[in-house]
$ cat upload32.tsv   # TSV, C-alpha atoms
chain	number	residue	atom	x	y	z
A	1	CYS	CA	148.37	59.05	81.81
A	2	ARG	CA	150.55	60.73	84.41
A	3	GLU	CA	153.68	59.56	82.62
A	4	TYR	CA	152.58	61.33	79.42
A	5	GLY	CA	151.38	64.50	81.11
A	6	ILE	CA	147.66	63.81	80.72
A	7	ARG	CA	145.77	65.64	83.43
A	8	GLU	CA	142.17	65.47	82.25
A	9	LEU	CA	139.93	62.40	82.05
A	10	ASP	CA	136.50	62.05	80.46
A	11	THR	CA	134.08	59.31	81.46
A	12	ALA	CA	130.34	58.65	81.84
A	13	GLN	CA	127.90	56.60	83.86
A	14	SER	CA	126.96	54.77	80.67
A	15	TYR	CA	130.55	53.58	80.09
A	16	GLY	CA	130.09	50.34	81.98
A	17	ARG	CA	132.13	50.29	85.20
A	18	ALA	CA	134.56	52.99	84.02
A	19	GLU	CA	133.83	55.39	86.89
A	20	GLU	CA	134.32	52.68	89.50
A	21	LYS	CA	137.57	51.48	87.94
A	22	LEU	CA	138.92	55.02	87.81
A	23	GLY	CA	137.97	55.47	91.44
A	24	VAL	CA	139.93	52.36	92.40
A	25	LEU	CA	142.97	53.59	90.46
A	26	GLY	CA	142.75	57.02	92.06
A	27	VAL	CA	142.02	60.18	90.10
A	28	LYS	CA	142.02	62.93	92.72
A	29	ASP	CA	144.89	64.68	90.94
A	30	PHE	CA	143.04	64.71	87.58
A	31	SER	CA	140.49	67.13	86.16
A	32	ILE	CA	137.41	64.93	85.69
A	33	THR	CA	134.48	65.24	83.30
A	34	THR	CA	131.63	62.77	83.55
A	35	LYS	CA	128.29	62.50	81.80
A	36	ILE	CA	124.88	61.38	83.00
A	37	PHE	CA	121.85	60.19	81.07
A	38	LEU	CA	118.28	61.07	82.08
A	39	GLN	CA	115.83	58.27	81.34
A	40	PRO	CA	112.37	59.13	79.93
A	41	ASP	CA	110.71	58.27	83.25
A	42	GLU	CA	113.13	60.34	85.33
A	43	GLY	CA	112.65	63.95	86.29
A	44	ALA	CA	115.14	66.78	86.60
A	45	GLU	CA	115.41	65.99	90.31
A	46	ALA	CA	117.36	62.84	89.34
A	47	ILE	CA	120.34	64.98	88.33
A	48	TYR	CA	121.66	65.62	91.86
A	49	PRO	CA	121.67	61.97	93.02
A	50	LYS	CA	123.21	60.86	89.71
A	51	ALA	CA	126.01	63.39	90.13
A	52	SER	CA	126.51	62.27	93.73
A	53	LEU	CA	126.73	58.66	92.57
A	54	SER	CA	129.46	59.56	90.08
A	55	LEU	CA	131.45	61.34	92.77
A	56	GLN	CA	131.08	58.31	95.01
A	57	ARG	CA	132.25	55.91	92.29
A	58	LEU	CA	135.17	58.13	91.33
A	59	LYS	CA	136.08	58.63	95.00
A	60	ILE	CA	136.38	62.39	94.62
A	61	ASP	CA	134.66	65.32	96.32
A	62	LYS	CA	134.31	67.53	93.26
A	63	MET	CA	134.55	67.19	89.50
A	64	ASN	CA	135.48	69.72	86.86
A	65	LYS	CA	132.54	69.19	84.49
A	66	LEU	CA	129.26	67.31	84.49
A	67	LEU	CA	127.46	67.03	81.16
A	68	LEU	CA	124.06	65.69	80.17
A	69	HIS	CA	124.53	62.93	77.62
A	70	ASN	CA	121.04	63.55	76.23
A	71	GLY	CA	120.47	67.21	77.04
A	72	GLU	CA	118.58	67.95	73.83
A	73	GLU	CA	116.10	65.18	74.56
A	74	CYS	CA	115.08	66.52	77.98
A	75	SER	CA	112.61	69.16	76.85
A	76	HIS	CA	109.77	66.98	78.16
A	77	LEU	CA	111.21	67.48	81.63
A	78	GLY	CA	111.26	71.24	81.24
A	79	THR	CA	114.60	72.54	80.06
A	80	ALA	CA	114.55	75.39	82.58
A	81	GLN	CA	114.10	72.92	85.44
A	82	VAL	CA	116.91	70.73	84.12
A	83	ALA	CA	119.20	73.76	83.88
A	84	LYS	CA	118.23	74.81	87.41
A	85	GLN	CA	119.20	71.42	88.78
A	86	LEU	CA	122.49	71.50	86.88
A	87	HIS	CA	123.38	74.94	88.23
A	88	HIS	CA	122.47	73.72	91.72
A	89	LEU	CA	125.41	71.31	91.44
A	90	VAL	CA	127.74	74.26	90.85
A	91	GLU	CA	126.21	76.23	93.71
A	92	SER	CA	126.62	73.20	95.99
A	93	GLY	CA	130.32	73.02	95.20
A	94	LEU	CA	130.14	69.54	93.63
A	95	VAL	CA	130.98	70.64	90.08
A	96	ASP	CA	132.89	73.54	88.52
A	97	LYS	CA	130.97	73.62	85.21
A	98	VAL	CA	127.81	72.04	83.79
A	99	GLY	CA	126.60	71.59	80.23
A	100	ILE	CA	125.67	69.06	77.57
A	101	SER	CA	127.17	66.58	75.16
A	102	SER	CA	125.41	67.20	71.86
A	103	TYR	CA	125.31	66.24	68.20
A	104	GLU	CA	123.91	69.61	67.12
A	105	PRO	CA	126.21	72.65	67.59
A	106	SER	CA	123.52	75.22	66.78
A	107	GLU	CA	121.04	73.72	69.27
A	108	ALA	CA	123.73	73.46	71.93
A	109	LEU	CA	124.56	77.13	71.35
A	110	ARG	CA	120.90	78.08	71.82
A	111	LEU	CA	120.74	76.18	75.11
A	112	CYS	CA	123.94	77.80	76.35
A	113	LYS	CA	122.59	81.25	75.54
A	114	GLU	CA	119.19	80.66	77.13
A	115	TYR	CA	120.20	78.68	80.21
A	116	GLY	CA	123.77	79.71	80.98
A	117	LEU	CA	125.37	76.34	80.36
A	118	GLN	CA	129.13	76.52	80.76
A	119	ALA	CA	130.52	73.56	78.80
A	120	VAL	CA	129.76	71.51	75.68
A	121	GLN	CA	131.09	68.45	73.90
A	122	LEU	CA	130.48	68.52	70.15
A	123	PRO	CA	131.53	66.46	67.13
A	124	ALA	CA	134.08	67.89	64.71
A	125	ASN	CA	136.24	66.17	62.12
A	126	ALA	CA	137.25	66.25	58.48
A	127	LEU	CA	133.67	65.47	57.42
A	128	ASP	CA	131.79	67.44	60.06
A	129	GLN	CA	132.65	71.13	60.00
A	130	ARG	CA	129.42	72.55	61.44
A	131	LEU	CA	131.15	73.95	64.50
A	132	LEU	CA	133.30	76.13	62.25
A	133	HIS	CA	130.42	77.47	60.15
A	134	GLU	CA	128.57	80.77	60.58
A	135	GLY	CA	130.57	81.86	63.62
A	136	VAL	CA	129.16	79.12	65.86
A	137	LEU	CA	132.46	78.39	67.59
A	138	GLU	CA	133.19	82.08	68.05
A	139	GLN	CA	129.83	82.56	69.73
A	140	PHE	CA	130.49	79.75	72.19
A	141	LEU	CA	133.85	81.25	73.08
A	142	SER	CA	132.45	84.77	73.42
A	143	LEU	CA	129.97	83.39	75.97
A	144	GLY	CA	132.83	81.85	77.93
A	145	VAL	CA	131.60	78.32	77.20
A	146	GLU	CA	134.28	75.62	77.41
A	147	VAL	CA	134.25	73.72	74.11
A	148	THR	CA	135.54	70.17	73.77
A	149	ILE	CA	135.42	68.42	70.41
A	150	ARG	CA	134.93	64.70	70.00
A	151	SER	CA	134.59	62.21	67.12
A	152	LEU	CA	137.79	63.52	65.53
A	153	PHE	CA	138.28	60.11	63.93
A	154	LEU	CA	134.53	59.53	63.41
A	155	GLN	CA	134.58	56.36	65.50
A	156	GLY	CA	137.55	55.14	63.46
A	157	VAL	CA	135.78	55.34	60.08
A	158	LEU	CA	138.17	58.04	58.89
A	159	LEU	CA	141.19	55.91	59.71
A	160	ALA	CA	140.25	52.62	58.05
A	161	GLU	CA	137.39	50.79	56.39
A	162	PRO	CA	135.27	49.28	59.19
A	163	ASN	CA	135.14	45.49	59.40
A	164	GLU	CA	131.36	45.68	59.69
A	165	ALA	CA	129.92	48.69	57.90
A	166	GLY	CA	126.28	47.81	58.50
A	167	GLY	CA	125.76	50.60	61.02
A	168	VAL	CA	127.57	53.27	58.99
A	169	PRO	CA	125.61	55.20	56.34
A	170	SER	CA	126.91	54.52	52.83
A	171	GLU	CA	127.34	58.26	52.24
A	172	VAL	CA	129.65	58.52	55.25
A	173	LEU	CA	131.70	55.56	54.02
A	174	HIS	CA	131.97	57.21	50.59
A	175	TYR	CA	133.26	60.50	51.98
A	176	ALA	CA	135.60	58.70	54.39
A	177	ARG	CA	137.18	56.82	51.47
A	178	GLY	CA	137.62	60.14	49.69
A	179	PHE	CA	139.30	61.58	52.78
A	180	ARG	CA	141.75	58.68	52.97
A	181	ALA	CA	142.49	59.02	49.26
A	182	ARG	CA	143.31	62.72	49.72
A	183	CYS	CA	145.60	61.84	52.61
A	184	ARG	CA	147.49	59.38	50.40
A	185	GLU	CA	147.85	62.02	47.68
A	186	GLU	CA	149.34	64.44	50.21
A	187	GLY	CA	151.69	61.85	51.68
A	188	LEU	CA	149.82	61.65	54.97
A	189	THR	CA	148.46	58.73	56.92
A	190	PRO	CA	144.73	58.96	57.72
A	191	LEU	CA	145.70	59.45	61.36
A	192	GLN	CA	147.87	62.44	60.47
A	193	GLY	CA	145.16	63.88	58.27
A	194	ALA	CA	142.44	63.50	60.88
A	195	TRP	CA	144.70	64.82	63.64
A	196	GLY	CA	145.56	67.81	61.49
A	197	GLU	CA	141.97	69.04	61.76
A	198	LEU	CA	142.82	70.26	65.25
A	199	ARG	CA	144.85	73.06	63.68
A	200	ARG	CA	141.58	74.69	62.62
A	201	PHE	CA	140.69	75.35	66.25
A	202	PRO	CA	142.08	77.92	68.69
A	203	GLU	CA	144.14	76.74	71.66
A	204	GLN	CA	141.32	77.05	74.19
A	205	VAL	CA	139.30	74.36	72.41
A	206	LYS	CA	140.01	70.90	73.79
A	207	ALA	CA	139.66	67.48	72.21
A	208	VAL	CA	138.69	64.18	73.80
A	209	PHE	CA	139.78	60.74	72.61
A	210	ILE	CA	138.46	57.30	73.47
A	211	VAL	CA	140.79	54.81	75.08
A	212	THR	CA	139.66	51.20	75.38
A	213	GLY	CA	141.23	48.20	77.01
A	214	LYS	CA	140.49	44.68	78.06
$ encode --input "upload32.tsv" --output "structure tokens"
Amino acid sequence: CREYGIRELDTAQSYGRAEEKLGVLGVKDFSITTKIFLQPDEGAEAIYPKASLSLQRLKIDKMNKLLLHNGEECSHLGTAQVAKQLHHLVESGLVDKVGISSYEPSEALRLCKEYGLQAVQLPANALDQRLLHEGVLEQFLSLGVEVTIRSLFLQGVLLAEPNEAGGVPSEVLHYARGFRARCREEGLTPLQGAWGELRRFPEQVKAVFIVTGK
């Protein structure tokens, strides 16, 4: 990462031992985002110890962003209480920004407006343009919310036909094939076509990509 000028890393407690491995490698000179998941039987008070655990695993004193992996599912805990605990992390100096990773841009926008969340991760790609509709992205930016897009390749479905398509809706496979066909017509590889979607977004919007290894 350092060799190629990458200075931001995104991880999560649910990514196996990723946090621990990054901590062993040493990431104090990186901007770190991690994500936590609140279980149904956990309360909002679990947020602080979960964040502390991530810092311990990563061997850092402070992270750039902490996001709830399932923020939209935490209404049973009391969204206001969850937001209070998140903001407490900022006030305690453990995190610069707090927010959610979401599948629903409009719902994430509502939560940011109501509870002052400062960062979101949202899907956006050639087949999912919701973030660009009805001024949603502009509203996030006007609130000062840091927007990071994910799923640019739609878990690889946009790039190639999956070996096992059982978990992918047939409609998604149909549109993905159409996308790849359009790329061929325009003399582009699917990777180039999918990557080109980033040009729709202003410079302050970031994108996150998955890296896997044995």
$ residues_around --input "upload32.tsv" --residues "segment 179-183 of chain A" --least-positions-apart "3" --cutoff "10 Å" --atoms "all atoms listed in the file" --output "list in words"
Ala126, Leu127, Val157, Leu158, Leu159, Ala160, Glu161, Leu173, His174, Tyr175, Ala176, Glu186, Gly187, Leu188, Thr189, Pro190, Leu191, Gln192, Gly193 and Ala194 of chain A
$ residues_around --input "upload32.tsv" --residues "Val95 of chain A" --least-positions-apart "5" --cutoff "8 Å" --atoms "only C-alpha atoms" --output "list in words"
Lys62, Met63, Asn64, Lys65, Leu66, Leu89 and Val90 of chain A
$ residues_around --input "upload32.tsv" --residues "Val211 of chain A" --least-positions-apart "4" --cutoff "12 Å" --atoms "only C-alpha atoms" --output "PDB file with C-alpha atoms, keeping the file's coordinate frame"
ATOM      1  CA  CYS A   1     148.370  59.050  81.810  1.00  0.00           C
ATOM      2  CA  LEU A   9     139.930  62.400  82.050  1.00  0.00           C
ATOM      3  CA  ASP A  10     136.500  62.050  80.460  1.00  0.00           C
ATOM      4  CA  THR A  11     134.080  59.310  81.460  1.00  0.00           C
ATOM      5  CA  TYR A  15     130.550  53.580  80.090  1.00  0.00           C
ATOM      6  CA  ALA A  18     134.560  52.990  84.020  1.00  0.00           C
ATOM      7  CA  GLN A 155     134.580  56.360  65.500  1.00  0.00           C
TER       8      GLN A 155
END
$ residues_around --input "upload32.tsv" --residues "Glu203 of chain A" --least-positions-apart "5" --cutoff "12 Å" --atoms "all atoms listed in the file" --output "PyMOL selection string"
chain A and resi 141+146-148+198
$ write_last_selection --input "upload32.tsv" --atoms "C-alpha atoms" --output "PDB file, keeping the file's coordinate frame"
ATOM      1  CA  LEU A 141     133.850  81.250  73.080  1.00  0.00           C
ATOM      2  CA  GLU A 146     134.280  75.620  77.410  1.00  0.00           C
ATOM      3  CA  VAL A 147     134.250  73.720  74.110  1.00  0.00           C
ATOM      4  CA  THR A 148     135.540  70.170  73.770  1.00  0.00           C
ATOM      5  CA  LEU A 198     142.820  70.260  65.250  1.00  0.00           C
TER       6      LEU A 198
END
$ closest_residue --input "upload32.tsv" --among "A:Arg199, A:Lys97, A:Lys84, A:Arg130" --to "Thr33 of chain A" --atoms "all atoms listed in the file"
A:Lys97
$ residues_around --input "upload32.tsv" --residues "Ala80 of chain A" --least-positions-apart "6" --cutoff "12 Å" --atoms "only C-alpha atoms" --output "PyMOL selection string"
chain A and resi 44+71+74+86-87+111-112+114-117
$ closest_residue --input "upload32.tsv" --among "A:Gly135, A:Pro162, A:Gly99, A:Pro105" --to "Gln118 of chain A" --atoms "all atoms listed in the file"
A:Gly99
$ atom_distance --input "upload32.tsv" --atom1 "atom CA of Ser102 of chain A" --atom2 "atom CA of Gly5 of chain A"
27.7 Å
$ atom_distance --input "upload32.tsv" --atom1 "atom CA of Glu20 of chain A" --atom2 "atom CA of Phe153 of chain A"
26.9 Å
$ closest_residue --input "upload32.tsv" --among "A:His69, A:Gln129, A:Pro202, A:Glu171" --to "Phe37 of chain A" --atoms "only C-alpha atoms"
A:His69
$ closest_residue --input "upload32.tsv" --among "A:Val208, A:Ile36, A:Leu122, A:Leu109" --to "Glu138 of chain A" --atoms "all atoms listed in the file"
A:Leu109
$ atom_distance --input "upload32.tsv" --atom1 "atom CA of Trp195 of chain A" --atom2 "atom CA of Phe30 of chain A"
24.0 Å
$ closest_residue --input "upload32.tsv" --among "A:Ala51, A:Ala12, A:Arg200, A:Val136" --to "Glu104 of chain A" --atoms "only C-alpha atoms"
A:Val136
$ closest_residue --input "upload32.tsv" --among "A:Ile149, A:Ser142, A:Glu3, A:Tyr48" --to "Ser92 of chain A" --atoms "only C-alpha atoms"
A:Tyr48
$ axis_aligned_box --input "upload32.tsv" --around "segment 39-49 of chain A" --padding-each-side "3 Å" --output "JSON"
{"center_x": 116.2, "center_y": 62.5, "center_z": 86.5, "size_x": 17.0, "size_y": 14.5, "size_z": 19.1}
$ decode --input "upload32.tsv" --residues "segment 26-38 of chain A" --atoms "all heavy atoms" --output "PDB file, in the first residue's frame"
ATOM      1  N   GLY A  26       1.282  -3.065  11.278  1.00  0.00           N
ATOM      2  CA  GLY A  26       1.544  -1.684  11.646  1.00  0.00           C
ATOM      3  C   GLY A  26       0.850  -0.699  10.738  1.00  0.00           C
ATOM      4  O   GLY A  26       1.192  -0.611   9.552  1.00  0.00           O
ATOM      5  N   VAL A  27      -0.148   0.005  11.261  1.00  0.00           N
ATOM      6  CA  VAL A  27      -0.936   0.913  10.426  1.00  0.00           C
ATOM      7  C   VAL A  27      -1.066   2.307  11.047  1.00  0.00           C
ATOM      8  O   VAL A  27      -1.979   3.058  10.712  1.00  0.00           O
ATOM      9  CB  VAL A  27      -2.349   0.321  10.164  1.00  0.00           C
ATOM     10  CG1 VAL A  27      -2.261  -0.915   9.296  1.00  0.00           C
ATOM     11  CG2 VAL A  27      -3.068  -0.008  11.486  1.00  0.00           C
ATOM     12  N   LYS A  28      -0.158   2.658  11.917  1.00  0.00           N
ATOM     13  CA  LYS A  28      -0.260   3.944  12.602  1.00  0.00           C
ATOM     14  C   LYS A  28      -0.157   5.126  11.645  1.00  0.00           C
ATOM     15  O   LYS A  28      -0.629   6.228  11.963  1.00  0.00           O
ATOM     16  CB  LYS A  28       0.812   4.049  13.688  1.00  0.00           C
ATOM     17  CG  LYS A  28       0.557   3.124  14.864  1.00  0.00           C
ATOM     18  CD  LYS A  28       1.585   3.321  15.966  1.00  0.00           C
ATOM     19  CE  LYS A  28       1.286   2.431  17.161  1.00  0.00           C
ATOM     20  NZ  LYS A  28       2.266   2.606  18.266  1.00  0.00           N
ATOM     21  N   ASP A  29       0.468   4.913  10.483  1.00  0.00           N
ATOM     22  CA  ASP A  29       0.610   6.003   9.527  1.00  0.00           C
ATOM     23  C   ASP A  29      -0.495   6.004   8.476  1.00  0.00           C
ATOM     24  O   ASP A  29      -0.423   6.751   7.496  1.00  0.00           O
ATOM     25  CB  ASP A  29       1.975   5.952   8.844  1.00  0.00           C
ATOM     26  CG  ASP A  29       2.249   4.611   8.177  1.00  0.00           C
ATOM     27  OD1 ASP A  29       1.657   3.605   8.606  1.00  0.00           O
ATOM     28  OD2 ASP A  29       3.067   4.559   7.235  1.00  0.00           O
ATOM     29  N   PHE A  30      -1.539   5.167   8.669  1.00  0.00           N
ATOM     30  CA  PHE A  30      -2.678   5.129   7.758  1.00  0.00           C
ATOM     31  C   PHE A  30      -3.905   5.768   8.406  1.00  0.00           C
ATOM     32  O   PHE A  30      -4.041   5.789   9.633  1.00  0.00           O
ATOM     33  CB  PHE A  30      -3.033   3.685   7.384  1.00  0.00           C
ATOM     34  CG  PHE A  30      -2.077   3.037   6.433  1.00  0.00           C
ATOM     35  CD1 PHE A  30      -0.963   2.354   6.896  1.00  0.00           C
ATOM     36  CD2 PHE A  30      -2.284   3.112   5.055  1.00  0.00           C
ATOM     37  CE1 PHE A  30      -0.080   1.750   6.021  1.00  0.00           C
ATOM     38  CE2 PHE A  30      -1.409   2.512   4.169  1.00  0.00           C
ATOM     39  CZ  PHE A  30      -0.299   1.836   4.654  1.00  0.00           C
ATOM     40  N   SER A  31      -4.803   6.253   7.556  1.00  0.00           N
ATOM     41  CA  SER A  31      -6.126   6.680   8.005  1.00  0.00           C
ATOM     42  C   SER A  31      -7.012   5.434   8.011  1.00  0.00           C
ATOM     43  O   SER A  31      -7.189   4.803   6.971  1.00  0.00           O
ATOM     44  CB  SER A  31      -6.692   7.744   7.061  1.00  0.00           C
ATOM     45  OG  SER A  31      -8.015   8.081   7.437  1.00  0.00           O
ATOM     46  N   ILE A  32      -7.560   5.078   9.162  1.00  0.00           N
ATOM     47  CA  ILE A  32      -8.257   3.811   9.329  1.00  0.00           C
ATOM     48  C   ILE A  32      -9.761   4.013   9.514  1.00  0.00           C
ATOM     49  O   ILE A  32     -10.195   4.839  10.306  1.00  0.00           O
ATOM     50  CB  ILE A  32      -7.724   3.039  10.551  1.00  0.00           C
ATOM     51  CG1 ILE A  32      -6.219   2.771  10.402  1.00  0.00           C
ATOM     52  CG2 ILE A  32      -8.483   1.733  10.744  1.00  0.00           C
ATOM     53  CD1 ILE A  32      -5.852   1.829   9.291  1.00  0.00           C
ATOM     54  N   THR A  33     -10.524   3.219   8.757  1.00  0.00           N
ATOM     55  CA  THR A  33     -11.970   3.106   8.978  1.00  0.00           C
ATOM     56  C   THR A  33     -12.253   1.665   9.369  1.00  0.00           C
ATOM     57  O   THR A  33     -11.770   0.733   8.724  1.00  0.00           O
ATOM     58  CB  THR A  33     -12.765   3.420   7.698  1.00  0.00           C
ATOM     59  OG1 THR A  33     -12.557   4.782   7.337  1.00  0.00           O
ATOM     60  CG2 THR A  33     -14.259   3.193   7.923  1.00  0.00           C
ATOM     61  N   THR A  34     -13.000   1.480  10.445  1.00  0.00           N
ATOM     62  CA  THR A  34     -13.463   0.137  10.764  1.00  0.00           C
ATOM     63  C   THR A  34     -14.959   0.174  11.015  1.00  0.00           C
ATOM     64  O   THR A  34     -15.557   1.252  11.162  1.00  0.00           O
ATOM     65  CB  THR A  34     -12.714  -0.471  11.958  1.00  0.00           C
ATOM     66  OG1 THR A  34     -12.939  -1.898  11.965  1.00  0.00           O
ATOM     67  CG2 THR A  34     -13.205   0.102  13.278  1.00  0.00           C
ATOM     68  N   LYS A  35     -15.553  -1.011  11.020  1.00  0.00           N
ATOM     69  CA  LYS A  35     -16.999  -1.126  11.174  1.00  0.00           C
ATOM     70  C   LYS A  35     -17.317  -2.148  12.258  1.00  0.00           C
ATOM     71  O   LYS A  35     -16.612  -3.151  12.389  1.00  0.00           O
ATOM     72  CB  LYS A  35     -17.650  -1.525   9.846  1.00  0.00           C
ATOM     73  CG  LYS A  35     -17.407  -0.496   8.748  1.00  0.00           C
ATOM     74  CD  LYS A  35     -17.969  -0.919   7.415  1.00  0.00           C
ATOM     75  CE  LYS A  35     -17.148  -1.999   6.738  1.00  0.00           C
ATOM     76  NZ  LYS A  35     -15.784  -1.532   6.340  1.00  0.00           N
ATOM     77  N   ILE A  36     -18.359  -1.864  13.025  1.00  0.00           N
ATOM     78  CA  ILE A  36     -18.792  -2.777  14.076  1.00  0.00           C
ATOM     79  C   ILE A  36     -20.235  -3.178  13.822  1.00  0.00           C
ATOM     80  O   ILE A  36     -20.988  -2.462  13.152  1.00  0.00           O
ATOM     81  CB  ILE A  36     -18.655  -2.151  15.481  1.00  0.00           C
ATOM     82  CG1 ILE A  36     -19.539  -0.903  15.613  1.00  0.00           C
ATOM     83  CG2 ILE A  36     -17.200  -1.817  15.777  1.00  0.00           C
ATOM     84  CD1 ILE A  36     -19.580  -0.333  17.021  1.00  0.00           C
ATOM     85  N   PHE A  37     -20.594  -4.326  14.346  1.00  0.00           N
ATOM     86  CA  PHE A  37     -21.937  -4.882  14.152  1.00  0.00           C
ATOM     87  C   PHE A  37     -22.571  -5.064  15.525  1.00  0.00           C
ATOM     88  O   PHE A  37     -21.986  -5.700  16.400  1.00  0.00           O
ATOM     89  CB  PHE A  37     -21.825  -6.224  13.428  1.00  0.00           C
ATOM     90  CG  PHE A  37     -23.139  -6.780  12.958  1.00  0.00           C
ATOM     91  CD1 PHE A  37     -23.583  -6.569  11.656  1.00  0.00           C
ATOM     92  CD2 PHE A  37     -23.932  -7.521  13.809  1.00  0.00           C
ATOM     93  CE1 PHE A  37     -24.786  -7.085  11.220  1.00  0.00           C
ATOM     94  CE2 PHE A  37     -25.143  -8.044  13.386  1.00  0.00           C
ATOM     95  CZ  PHE A  37     -25.572  -7.835  12.086  1.00  0.00           C
ATOM     96  N   LEU A  38     -23.763  -4.496  15.723  1.00  0.00           N
ATOM     97  CA  LEU A  38     -24.484  -4.673  16.980  1.00  0.00           C
ATOM     98  C   LEU A  38     -25.424  -5.862  16.859  1.00  0.00           C
ATOM     99  O   LEU A  38     -26.302  -5.888  15.996  1.00  0.00           O
ATOM    100  CB  LEU A  38     -25.280  -3.416  17.337  1.00  0.00           C
ATOM    101  CG  LEU A  38     -24.482  -2.206  17.823  1.00  0.00           C
ATOM    102  CD1 LEU A  38     -25.419  -1.062  18.183  1.00  0.00           C
ATOM    103  CD2 LEU A  38     -23.603  -2.563  19.014  1.00  0.00           C
TER     104      LEU A  38
END
